[in-house]
$ cat run-v2.pdb   # PDB, C-alpha atoms, pLDDT in the B column
ATOM      1  CA  MET P   1      36.301-215.700 -29.461  1.00 52.00           C
ATOM      2  CA  LYS P   2      34.441-219.011 -29.520  1.00 53.00           C
ATOM      3  CA  ASN P   3      31.946-219.865 -32.283  1.00 49.00           C
ATOM      4  CA  LYS P   4      28.950-219.342 -29.995  1.00 58.00           C
ATOM      5  CA  SER P   5      30.284-215.915 -29.042  1.00 80.00           C
ATOM      6  CA  TRP P   6      30.531-214.968 -32.726  1.00 74.00           C
ATOM      7  CA  ASP P   7      26.985-216.242 -33.306  1.00 73.00           C
ATOM      8  CA  GLU P   8      25.875-214.193 -30.301  1.00 74.00           C
ATOM      9  CA  ARG P   9      27.548-211.107 -31.760  1.00 74.00           C
ATOM     10  CA  TYR P  10      25.827-211.497 -35.129  1.00 77.00           C
ATOM     11  CA  LYS P  11      22.389-212.776 -34.018  1.00 76.00           C
ATOM     12  CA  GLU P  12      20.569-209.426 -34.170  1.00 75.00           C
ATOM     13  CA  GLU P  13      18.819-208.412 -37.386  1.00 75.00           C
ATOM     14  CA  GLU P  14      20.873-205.214 -37.647  1.00 79.00           C
ATOM     15  CA  TYR P  15      24.278-205.541 -39.306  1.00 82.00           C
ATOM     16  CA  VAL P  16      26.946-205.088 -36.617  1.00 76.00           C
ATOM     17  CA  LEU P  17      29.377-203.221 -38.890  1.00 85.00           C
ATOM     18  CA  GLY P  18      26.819-202.063 -41.441  1.00 82.00           C
ATOM     19  CA  THR P  19      26.548-203.154 -45.057  1.00 92.00           C
ATOM     20  CA  GLU P  20      29.072-200.776 -46.606  1.00 96.00           C
ATOM     21  CA  PRO P  21      32.494-202.235 -47.422  1.00 98.00           C
ATOM     22  CA  VAL P  22      35.687-201.196 -45.677  1.00 96.00           C
ATOM     23  CA  GLU P  23      36.866-197.840 -47.037  1.00 96.00           C
ATOM     24  CA  PHE P  24      40.316-199.225 -47.909  1.00 98.00           C
ATOM     25  CA  LEU P  25      38.690-201.764 -50.243  1.00 98.00           C
ATOM     26  CA  LYS P  26      36.482-199.124 -51.865  1.00 98.00           C
ATOM     27  CA  GLU P  27      39.439-196.783 -52.376  1.00 97.00           C
ATOM     28  CA  ASN P  28      41.515-199.485 -54.053  1.00 98.00           C
ATOM     29  CA  ILE P  29      39.046-201.658 -55.965  1.00 96.00           C
ATOM     30  CA  ASN P  30      40.316-200.340 -59.308  1.00 94.00           C
ATOM     31  CA  ARG P  31      43.863-201.525 -58.536  1.00 93.00           C
ATOM     32  CA  LEU P  32      42.591-205.097 -58.350  1.00 92.00           C
ATOM     33  CA  SER P  33      41.980-207.055 -61.552  1.00 81.00           C
ATOM     34  CA  LYS P  34      38.886-209.255 -61.496  1.00 91.00           C
ATOM     35  CA  GLY P  35      38.810-213.020 -61.077  1.00 98.00           C
ATOM     36  CA  LYS P  36      38.376-215.471 -58.207  1.00 99.00           C
ATOM     37  CA  ALA P  37      38.462-213.889 -54.728  1.00 99.00           C
ATOM     38  CA  LEU P  38      38.559-215.182 -51.172  1.00 99.00           C
ATOM     39  CA  ASP P  39      37.350-213.016 -48.294  1.00 99.00           C
ATOM     40  CA  ILE P  40      38.811-214.344 -45.029  1.00 98.00           C
ATOM     41  CA  ALA P  41      36.657-213.984 -41.886  1.00 96.00           C
ATOM     42  CA  MET P  42      33.965-212.321 -43.999  1.00 97.00           C
ATOM     43  CA  GLY P  43      31.603-211.632 -41.094  1.00 94.00           C
ATOM     44  CA  GLU P  44      28.226-210.446 -42.374  1.00 96.00           C
ATOM     45  CA  GLY P  45      29.537-210.235 -45.927  1.00 97.00           C
ATOM     46  CA  ARG P  46      29.836-206.507 -46.581  1.00 98.00           C
ATOM     47  CA  ASN P  47      33.221-206.811 -48.336  1.00 98.00           C
ATOM     48  CA  ALA P  48      32.402-210.092 -50.093  1.00 99.00           C
ATOM     49  CA  VAL P  49      29.205-208.577 -51.500  1.00 98.00           C
ATOM     50  CA  TYR P  50      31.081-205.485 -52.667  1.00 98.00           C
ATOM     51  CA  LEU P  51      33.608-207.671 -54.490  1.00 98.00           C
ATOM     52  CA  ALA P  52      30.791-209.681 -56.100  1.00 98.00           C
ATOM     53  CA  GLU P  53      29.098-206.451 -57.213  1.00 98.00           C
ATOM     54  CA  ALA P  54      32.410-205.398 -58.787  1.00 97.00           C
ATOM     55  CA  GLY P  55      32.506-208.604 -60.850  1.00 97.00           C
ATOM     56  CA  TRP P  56      34.513-210.992 -58.693  1.00 98.00           C
ATOM     57  CA  GLU P  57      33.615-214.648 -58.159  1.00 98.00           C
ATOM     58  CA  VAL P  58      33.775-214.707 -54.351  1.00 99.00           C
ATOM     59  CA  ASP P  59      34.356-217.371 -51.719  1.00 99.00           C
ATOM     60  CA  GLY P  60      33.966-216.185 -48.137  1.00 98.00           C
ATOM     61  CA  ILE P  61      35.140-218.072 -45.057  1.00 98.00           C
ATOM     62  CA  GLU P  62      33.348-217.422 -41.764  1.00 96.00           C
ATOM     63  CA  VAL P  63      33.033-219.280 -38.459  1.00 93.00           C
ATOM     64  CA  SER P  64      29.617-217.869 -37.469  1.00 93.00           C
ATOM     65  CA  GLU P  65      26.482-219.445 -38.908  1.00 94.00           C
ATOM     66  CA  ALA P  66      24.519-216.317 -37.918  1.00 94.00           C
ATOM     67  CA  ALA P  67      26.943-214.101 -39.859  1.00 95.00           C
ATOM     68  CA  ILE P  68      26.765-216.381 -42.911  1.00 96.00           C
ATOM     69  CA  LYS P  69      22.959-216.167 -42.928  1.00 96.00           C
ATOM     70  CA  LYS P  70      23.177-212.383 -42.882  1.00 95.00           C
ATOM     71  CA  ALA P  71      25.832-212.406 -45.619  1.00 97.00           C
ATOM     72  CA  LEU P  72      23.603-214.536 -47.838  1.00 98.00           C
ATOM     73  CA  ALA P  73      20.641-212.232 -47.146  1.00 96.00           C
ATOM     74  CA  LEU P  74      22.824-209.289 -48.180  1.00 97.00           C
ATOM     75  CA  THR P  75      23.797-211.056 -51.411  1.00 97.00           C
ATOM     76  CA  ALA P  76      20.123-211.664 -52.215  1.00 97.00           C
ATOM     77  CA  LYS P  77      19.280-208.026 -51.510  1.00 97.00           C
ATOM     78  CA  ASN P  78      22.092-206.908 -53.834  1.00 98.00           C
ATOM     79  CA  ASN P  79      21.396-209.482 -56.580  1.00 98.00           C
ATOM     80  CA  VAL P  80      24.803-211.153 -56.367  1.00 98.00           C
ATOM     81  CA  THR P  81      26.063-214.532 -55.239  1.00 98.00           C
ATOM     82  CA  ILE P  82      28.952-215.658 -53.089  1.00 98.00           C
ATOM     83  CA  ASN P  83      30.089-219.087 -51.988  1.00 98.00           C
ATOM     84  CA  ALA P  84      29.936-219.005 -48.178  1.00 98.00           C
ATOM     85  CA  ILE P  85      32.251-221.504 -46.498  1.00 97.00           C
ATOM     86  CA  LYS P  86      31.595-222.239 -42.823  1.00 96.00           C
ATOM     87  CA  GLY P  87      34.786-223.059 -41.027  1.00 94.00           C
ATOM     88  CA  ASP P  88      36.931-222.176 -38.053  1.00 91.00           C
ATOM     89  CA  LEU P  89      40.289-221.055 -39.406  1.00 90.00           C
ATOM     90  CA  GLU P  90      41.873-221.197 -35.958  1.00 89.00           C
ATOM     91  CA  LYS P  91      40.982-224.894 -35.716  1.00 88.00           C
ATOM     92  CA  HIS P  92      42.033-225.430 -39.344  1.00 84.00           C
ATOM     93  CA  GLU P  93      38.548-226.715 -40.254  1.00 85.00           C
ATOM     94  CA  CYS P  94      39.058-225.388 -43.764  1.00 88.00           C
ATOM     95  CA  GLU P  95      42.121-224.690 -45.849  1.00 88.00           C
ATOM     96  CA  ILE P  96      42.949-222.071 -48.418  1.00 94.00           C
ATOM     97  CA  GLU P  97      43.409-224.001 -51.652  1.00 96.00           C
ATOM     98  CA  LYS P  98      46.848-223.478 -53.204  1.00 97.00           C
ATOM     99  CA  GLY P  99      47.052-221.351 -56.347  1.00 98.00           C
ATOM    100  CA  LYS P 100      43.290-220.811 -56.567  1.00 98.00           C
ATOM    101  CA  TYR P 101      42.758-217.081 -56.038  1.00 98.00           C
ATOM    102  CA  ASP P 102      43.393-213.903 -57.986  1.00 98.00           C
ATOM    103  CA  LEU P 103      42.627-211.928 -54.821  1.00 98.00           C
ATOM    104  CA  ILE P 104      42.584-212.687 -51.113  1.00 98.00           C
ATOM    105  CA  SER P 105      41.095-210.062 -48.832  1.00 99.00           C
ATOM    106  CA  CYS P 106      41.183-209.872 -45.071  1.00 98.00           C
ATOM    107  CA  PHE P 107      39.958-207.036 -42.887  1.00 98.00           C
ATOM    108  CA  TYR P 108      40.250-206.732 -39.117  1.00 95.00           C
ATOM    109  CA  TYR P 109      41.188-210.349 -38.508  1.00 96.00           C
ATOM    110  CA  LEU P 110      44.664-211.527 -37.595  1.00 96.00           C
ATOM    111  CA  GLN P 111      45.870-215.100 -37.476  1.00 95.00           C
ATOM    112  CA  ARG P 112      49.586-215.159 -38.127  1.00 96.00           C
ATOM    113  CA  ASP P 113      49.818-218.847 -39.014  1.00 95.00           C
ATOM    114  CA  LEU P 114      47.513-218.128 -41.990  1.00 95.00           C
ATOM    115  CA  PHE P 115      50.037-215.846 -43.716  1.00 96.00           C
ATOM    116  CA  PRO P 116      51.838-218.709 -45.519  1.00 96.00           C
ATOM    117  CA  GLU P 117      48.457-220.130 -46.613  1.00 96.00           C
ATOM    118  CA  ILE P 118      47.370-216.718 -47.893  1.00 97.00           C
ATOM    119  CA  LYS P 119      50.440-216.414 -50.096  1.00 98.00           C
ATOM    120  CA  ALA P 120      50.176-220.035 -51.234  1.00 98.00           C
ATOM    121  CA  GLY P 121      46.486-219.512 -52.064  1.00 98.00           C
ATOM    122  CA  LEU P 122      47.282-216.788 -54.580  1.00 98.00           C
ATOM    123  CA  LYS P 123      47.834-217.532 -58.244  1.00 98.00           C
ATOM    124  CA  ALA P 124      51.006-216.077 -59.767  1.00 97.00           C
ATOM    125  CA  GLY P 125      50.207-212.389 -60.162  1.00 97.00           C
ATOM    126  CA  GLY P 126      47.415-212.670 -57.589  1.00 98.00           C
ATOM    127  CA  MET P 127      46.955-209.928 -55.034  1.00 98.00           C
ATOM    128  CA  VAL P 128      46.260-209.608 -51.346  1.00 98.00           C
ATOM    129  CA  ILE P 129      44.479-206.654 -49.774  1.00 99.00           C
ATOM    130  CA  TYR P 130      44.725-206.695 -45.998  1.00 98.00           C
ATOM    131  CA  GLN P 131      43.956-204.233 -43.229  1.00 98.00           C
ATOM    132  CA  THR P 132      43.896-204.803 -39.493  1.00 97.00           C
ATOM    133  CA  PHE P 133      44.697-203.278 -36.127  1.00 96.00           C
ATOM    134  CA  THR P 134      48.177-202.352 -34.959  1.00 96.00           C
ATOM    135  CA  VAL P 135      49.400-202.316 -31.379  1.00 94.00           C
ATOM    136  CA  ASP P 136      48.858-198.531 -31.370  1.00 92.00           C
ATOM    137  CA  ASN P 137      45.104-199.094 -31.532  1.00 92.00           C
ATOM    138  CA  LEU P 138      45.008-199.487 -27.751  1.00 87.00           C
ATOM    139  CA  LYS P 139      45.795-195.768 -27.487  1.00 88.00           C
ATOM    140  CA  TYR P 140      42.415-195.056 -29.104  1.00 90.00           C
ATOM    141  CA  GLN P 141      40.178-198.018 -28.258  1.00 86.00           C
ATOM    142  CA  ASP P 142      40.051-200.776 -25.689  1.00 83.00           C
ATOM    143  CA  HIS P 143      40.152-203.546 -28.276  1.00 82.00           C
ATOM    144  CA  PRO P 144      41.462-205.879 -29.403  1.00 86.00           C
ATOM    145  CA  ARG P 145      42.964-206.507 -25.976  1.00 80.00           C
ATOM    146  CA  ASN P 146      44.733-209.717 -26.895  1.00 85.00           C
ATOM    147  CA  PRO P 147      48.255-208.861 -28.151  1.00 83.00           C
ATOM    148  CA  ASP P 148      48.005-211.786 -30.577  1.00 88.00           C
ATOM    149  CA  HIS P 149      45.274-209.854 -32.396  1.00 91.00           C
ATOM    150  CA  VAL P 150      47.290-206.715 -33.196  1.00 95.00           C
ATOM    151  CA  LEU P 151      50.234-206.149 -35.505  1.00 96.00           C
ATOM    152  CA  GLN P 152      53.595-204.839 -34.405  1.00 95.00           C
ATOM    153  CA  PRO P 153      55.182-201.997 -36.434  1.00 96.00           C
ATOM    154  CA  ASN P 154      55.947-203.119 -40.018  1.00 97.00           C
ATOM    155  CA  GLU P 155      54.956-206.715 -39.237  1.00 97.00           C
ATOM    156  CA  LEU P 156      52.470-206.938 -42.111  1.00 98.00           C
ATOM    157  CA  LEU P 157      54.984-205.420 -44.517  1.00 98.00           C
ATOM    158  CA  ARG P 158      57.725-207.847 -43.455  1.00 97.00           C
ATOM    159  CA  PHE P 159      55.532-210.837 -44.148  1.00 97.00           C
ATOM    160  CA  PHE P 160      54.932-209.782 -47.762  1.00 98.00           C
ATOM    161  CA  LEU P 161      58.475-208.640 -48.626  1.00 97.00           C
ATOM    162  CA  ASP P 162      58.804-211.474 -51.159  1.00 97.00           C
ATOM    163  CA  CYS P 163      55.834-209.993 -53.037  1.00 98.00           C
ATOM    164  CA  ARG P 164      55.577-206.816 -55.087  1.00 98.00           C
ATOM    165  CA  ILE P 165      54.376-204.182 -52.624  1.00 98.00           C
ATOM    166  CA  ILE P 166      51.835-201.980 -54.360  1.00 98.00           C
ATOM    167  CA  PHE P 167      50.735-200.076 -51.274  1.00 98.00           C
ATOM    168  CA  TYR P 168      51.634-200.083 -47.588  1.00 98.00           C
ATOM    169  CA  ARG P 169      50.652-197.741 -44.801  1.00 98.00           C
ATOM    170  CA  GLU P 170      50.386-197.667 -41.038  1.00 98.00           C
ATOM    171  CA  CYS P 171      48.167-194.864 -39.806  1.00 96.00           C
ATOM    172  CA  VAL P 172      45.345-193.772 -37.551  1.00 95.00           C
ATOM    173  CA  LEU P 173      41.982-193.585 -39.316  1.00 92.00           C
ATOM    174  CA  ASN P 174      39.620-190.798 -38.256  1.00 87.00           C
ATOM    175  CA  ASN P 175      41.660-190.247 -35.082  1.00 80.00           C
ATOM    176  CA  GLU P 176      40.275-193.454 -33.624  1.00 90.00           C
ATOM    177  CA  THR P 177      41.594-196.643 -35.244  1.00 93.00           C
ATOM    178  CA  ALA P 178      45.271-197.546 -35.712  1.00 96.00           C
ATOM    179  CA  VAL P 179      45.754-199.899 -38.663  1.00 97.00           C
ATOM    180  CA  ALA P 180      48.246-201.382 -41.064  1.00 98.00           C
ATOM    181  CA  SER P 181      47.086-201.694 -44.681  1.00 98.00           C
ATOM    182  CA  ILE P 182      48.732-203.495 -47.574  1.00 99.00           C
ATOM    183  CA  ILE P 183      48.164-204.400 -51.188  1.00 98.00           C
ATOM    184  CA  ALA P 184      50.753-206.875 -52.432  1.00 98.00           C
ATOM    185  CA  GLN P 185      51.111-208.982 -55.566  1.00 98.00           C
ATOM    186  CA  LYS P 186      52.540-212.483 -55.694  1.00 98.00           C
ATOM    187  CA  VAL P 187      55.402-212.678 -58.182  1.00 95.00           C
TER     188      VAL P 187
END
$ encode --input "run-v2.pdb" --output "structure tokens"
Amino acid sequence: MKNKSWDERYKEEEYVLGTEPVEFLKENINRLSKGKALDIAMGEGRNAVYLAEAGWEVDGIEVSEAAIKKALALTAKNNVTINAIKGDLEKHECEIEKGKYDLISCFYYLQRDLFPEIKAGLKAGGMVIYQTFTVDNLKYQDHPRNPDHVLQPNELLRFFLDCRIIFYRECVLNNETAVASIIAQKV
């Protein structure tokens, strides 16, 4: 999707995906030790704000200016701060700094050429929490339609095999969304 399309998606006052964090993050927040976090493709900030509320120092990368404005409004409403970074990851307008993060989170965004940067961006002992669509999602929903935006079976797991796998699952959530979910620790 082009930047203007993302801005169009997020322009309304209402939060497109709500203000509650992804359930997988909520369920696993206690497995993650606090520190410096990066939320990739943070959208309107629901996960970044949740991490900040839990004590993380959060950077969030997002391509949409409209989404960033809503994320910052959500931080103000919740009395937390995040560092919002505007950049198009697909065009490599911003980079993930090597060895900077204790946690990198990514939810429902897939850009395979970022995987090496994600691992490189973690400090030793740093963790990644990642959840996104699998190819099976098309059995339940009509998106994402682009095959580049869905994972093949065990693809996410294979990428992190050189890390300590804390949790991995491929499943269908609420009989409507097929996902792969991982928590892995850089060794």
$ resolve_selection --input "run-v2.pdb" --expression "the PyMOL selection byres ((chain P and resi 134-140) around 12)" --output "JSON list (two decimals) with C-alpha atoms, in the coordinates of the input"
[["chain", "number", "residue", "atom", "x", "y", "z"],
["P", 108, "TYR", "CA", 40.25, -206.73, -39.12],
["P", 109, "TYR", "CA", 41.19, -210.35, -38.51],
["P", 110, "LEU", "CA", 44.66, -211.53, -37.60],
["P", 131, "GLN", "CA", 43.96, -204.23, -43.23],
["P", 132, "THR", "CA", 43.90, -204.80, -39.49],
["P", 133, "PHE", "CA", 44.70, -203.28, -36.13],
["P", 141, "GLN", "CA", 40.18, -198.02, -28.26],
["P", 142, "ASP", "CA", 40.05, -200.78, -25.69],
["P", 143, "HIS", "CA", 40.15, -203.55, -28.28],
["P", 144, "PRO", "CA", 41.46, -205.88, -29.40],
["P", 145, "ARG", "CA", 42.96, -206.51, -25.98],
["P", 146, "ASN", "CA", 44.73, -209.72, -26.90],
["P", 147, "PRO", "CA", 48.26, -208.86, -28.15],
["P", 148, "ASP", "CA", 48.00, -211.79, -30.58],
["P", 149, "HIS", "CA", 45.27, -209.85, -32.40],
["P", 150, "VAL", "CA", 47.29, -206.72, -33.20],
["P", 151, "LEU", "CA", 50.23, -206.15, -35.51],
["P", 152, "GLN", "CA", 53.60, -204.84, -34.40],
["P", 153, "PRO", "CA", 55.18, -202.00, -36.43],
["P", 154, "ASN", "CA", 55.95, -203.12, -40.02],
["P", 155, "GLU", "CA", 54.96, -206.72, -39.24],
["P", 156, "LEU", "CA", 52.47, -206.94, -42.11],
["P", 169, "ARG", "CA", 50.65, -197.74, -44.80],
["P", 170, "GLU", "CA", 50.39, -197.67, -41.04],
["P", 171, "CYS", "CA", 48.17, -194.86, -39.81],
["P", 172, "VAL", "CA", 45.34, -193.77, -37.55],
["P", 173, "LEU", "CA", 41.98, -193.58, -39.32],
["P", 174, "ASN", "CA", 39.62, -190.80, -38.26],
["P", 175, "ASN", "CA", 41.66, -190.25, -35.08],
["P", 176, "GLU", "CA", 40.28, -193.45, -33.62],
["P", 177, "THR", "CA", 41.59, -196.64, -35.24],
["P", 178, "ALA", "CA", 45.27, -197.55, -35.71],
["P", 179, "VAL", "CA", 45.75, -199.90, -38.66],
["P", 180, "ALA", "CA", 48.25, -201.38, -41.06],
["P", 181, "SER", "CA", 47.09, -201.69, -44.68]]
$ resolve_selection --input "run-v2.pdb" --expression "the PyMOL selection byres ((chain P and resi 49) around 9)" --output "PDB file with C-alpha atoms, in the frame of the given file"
ATOM      1  CA  THR P  19      26.548-203.154 -45.057  1.00 92.00           C
ATOM      2  CA  PRO P  21      32.494-202.235 -47.422  1.00 98.00           C
ATOM      3  CA  GLY P  45      29.537-210.235 -45.927  1.00 97.00           C
ATOM      4  CA  ARG P  46      29.836-206.507 -46.581  1.00 98.00           C
ATOM      5  CA  ASN P  47      33.221-206.811 -48.336  1.00 98.00           C
ATOM      6  CA  ALA P  48      32.402-210.092 -50.093  1.00 99.00           C
ATOM      7  CA  TYR P  50      31.081-205.485 -52.667  1.00 98.00           C
ATOM      8  CA  LEU P  51      33.608-207.671 -54.490  1.00 98.00           C
ATOM      9  CA  ALA P  52      30.791-209.681 -56.100  1.00 98.00           C
ATOM     10  CA  GLU P  53      29.098-206.451 -57.213  1.00 98.00           C
ATOM     11  CA  ALA P  54      32.410-205.398 -58.787  1.00 97.00           C
ATOM     12  CA  VAL P  58      33.775-214.707 -54.351  1.00 99.00           C
ATOM     13  CA  ALA P  71      25.832-212.406 -45.619  1.00 97.00           C
ATOM     14  CA  LEU P  72      23.603-214.536 -47.838  1.00 98.00           C
ATOM     15  CA  LEU P  74      22.824-209.289 -48.180  1.00 97.00           C
ATOM     16  CA  THR P  75      23.797-211.056 -51.411  1.00 97.00           C
ATOM     17  CA  ASN P  78      22.092-206.908 -53.834  1.00 98.00           C
ATOM     18  CA  VAL P  80      24.803-211.153 -56.367  1.00 98.00           C
ATOM     19  CA  THR P  81      26.063-214.532 -55.239  1.00 98.00           C
ATOM     20  CA  ILE P  82      28.952-215.658 -53.089  1.00 98.00           C
TER      21      ILE P  82
END
$ residues_around --input "run-v2.pdb" --residues "stretch 95-99 of chain P" --least-positions-apart "3" --cutoff "9 Å" --atoms "all atoms listed in the file" --output "MDAnalysis selection string"
chainID P and resid 38 87 89 92 102 114 117:124 126
$ closest_residue --input "run-v2.pdb" --among "P:Ala76, P:Arg158, P:Lys70, P:Lys34" --to "P:Gly125" --atoms "all atoms listed in the file"
P:Lys34
$ atom_distance --input "run-v2.pdb" --atom1 "atom CA of P:Glu44" --atom2 "atom CA of P:Arg31"
24.2 Å
$ closest_residue --input "run-v2.pdb" --among "P:Met127, P:Gly43, P:Leu161, P:Ala84" --to "P:Ala184" --atoms "only C-alpha atoms"
P:Met127
$ atom_distance --input "run-v2.pdb" --atom1 "atom CA of P:Ala37" --atom2 "atom CA of P:Ser105"
7.5 Å
$ closest_residue --input "run-v2.pdb" --among "P:Asn28, P:Gln185, P:Ser64, P:Ser33" --to "P:Asp7" --atoms "only C-alpha atoms"
P:Ser64
$ atom_distance --input "run-v2.pdb" --atom1 "atom CA of P:Leu25" --atom2 "atom CA of P:Lys91"
27.4 Å
$ closest_residue --input "run-v2.pdb" --among "P:Ala67, P:Leu157, P:Leu103, P:Val22" --to "P:Tyr10" --atoms "all atoms listed in the file"
P:Ala67
$ decode --input "run-v2.pdb" --residues "stretch 75-144 of chain P" --atoms "C-alpha atoms" --output "mmCIF file, in the first residue's frame"
data_model
loop_
_atom_site.group_PDB
_atom_site.id
_atom_site.type_symbol
_atom_site.label_atom_id
_atom_site.label_comp_id
_atom_site.auth_asym_id
_atom_site.auth_seq_id
_atom_site.Cartn_x
_atom_site.Cartn_y
_atom_site.Cartn_z
ATOM 1 C CA THR P 75 0.144 8.326 24.298
ATOM 2 C CA ALA P 76 -1.069 11.670 25.661
ATOM 3 C CA LYS P 77 -4.389 10.138 26.697
ATOM 4 C CA ASN P 78 -2.546 7.335 28.513
ATOM 5 C CA ASN P 79 0.141 9.564 30.080
ATOM 6 C CA VAL P 80 3.069 7.822 28.394
ATOM 7 C CA THR P 81 5.584 8.775 25.739
ATOM 8 C CA ILE P 82 6.947 7.027 22.686
ATOM 9 C CA ASN P 83 9.442 8.109 20.066
ATOM 10 C CA ALA P 84 7.529 7.995 16.769
ATOM 11 C CA ILE P 85 9.751 7.550 13.721
ATOM 12 C CA LYS P 86 8.193 8.332 10.339
ATOM 13 C CA GLY P 87 9.673 6.177 7.648
ATOM 14 C CA ASP P 88 8.849 3.786 4.851
ATOM 15 C CA LEU P 89 10.536 0.494 5.677
ATOM 16 C CA GLU P 90 9.897 -0.860 2.187
ATOM 17 C CA LYS P 91 11.868 2.048 0.713
ATOM 18 C CA HIS P 92 14.505 1.706 3.448
ATOM 19 C CA GLU P 93 13.916 5.309 4.587
ATOM 20 C CA CYS P 94 14.905 4.282 8.096
ATOM 21 C CA GLU P 95 17.067 1.516 9.471
ATOM 22 C CA ILE P 96 16.894 -0.583 12.586
ATOM 23 C CA GLU P 97 19.994 0.360 14.561
ATOM 24 C CA LYS P 98 22.234 -2.630 15.304
ATOM 25 C CA GLY P 99 22.329 -3.907 18.882
ATOM 26 C CA LYS P 100 19.997 -1.206 20.208
ATOM 27 C CA TYR P 101 16.866 -3.033 21.362
ATOM 28 C CA ASP P 102 15.909 -5.342 24.199
ATOM 29 C CA LEU P 103 12.643 -6.064 22.378
ATOM 30 C CA ILE P 104 11.422 -5.760 18.808
ATOM 31 C CA SER P 105 7.719 -6.248 18.205
ATOM 32 C CA CYS P 106 5.884 -6.617 14.936
ATOM 33 C CA PHE P 107 2.224 -7.436 14.438
ATOM 34 C CA TYR P 108 0.418 -8.039 11.157
ATOM 35 C CA TYR P 109 3.163 -6.660 8.944
ATOM 36 C CA LEU P 110 5.460 -8.786 6.820
ATOM 37 C CA GLN P 111 8.550 -7.625 4.993
ATOM 38 C CA ARG P 112 10.928 -10.533 4.640
ATOM 39 C CA ASP P 113 14.033 -8.473 3.893
ATOM 40 C CA LEU P 114 13.656 -6.910 7.371
ATOM 41 C CA PHE P 115 14.254 -10.208 9.195
ATOM 42 C CA PRO P 116 18.070 -9.852 9.204
ATOM 43 C CA GLU P 117 17.717 -6.243 10.426
ATOM 44 C CA ILE P 118 15.345 -7.345 13.186
ATOM 45 C CA LYS P 119 17.839 -9.876 14.508
ATOM 46 C CA ALA P 120 20.743 -7.447 14.129
ATOM 47 C CA GLY P 121 18.746 -4.764 15.971
ATOM 48 C CA LEU P 122 18.459 -6.902 19.089
ATOM 49 C CA LYS P 123 20.983 -6.719 21.895
ATOM 50 C CA ALA P 124 22.416 -10.053 23.050
ATOM 51 C CA GLY P 125 19.598 -11.595 25.068
ATOM 52 C CA GLY P 126 17.067 -9.318 23.362
ATOM 53 C CA MET P 127 13.720 -10.713 22.312
ATOM 54 C CA VAL P 128 11.400 -10.530 19.350
ATOM 55 C CA ILE P 129 7.638 -10.945 19.576
ATOM 56 C CA TYR P 130 6.044 -11.304 16.163
ATOM 57 C CA GLN P 131 2.622 -12.295 14.887
ATOM 58 C CA THR P 132 1.246 -12.091 11.373
ATOM 59 C CA PHE P 133 -0.944 -13.809 8.813
ATOM 60 C CA THR P 134 -0.226 -17.206 7.304
ATOM 61 C CA VAL P 135 -1.248 -18.384 3.857
ATOM 62 C CA ASP P 136 -4.182 -20.210 5.494
ATOM 63 C CA ASN P 137 -5.770 -16.860 6.326
ATOM 64 C CA LEU P 138 -7.309 -16.735 2.851
ATOM 65 C CA LYS P 139 -9.588 -19.599 3.913
ATOM 66 C CA TYR P 140 -11.180 -17.237 6.449
ATOM 67 C CA GLN P 141 -10.737 -13.720 5.062
ATOM 68 C CA ASP P 142 -10.085 -12.098 1.721
ATOM 69 C CA HIS P 143 -6.898 -10.398 2.875
ATOM 70 C CA PRO P 144 -4.034 -9.999 2.619
#
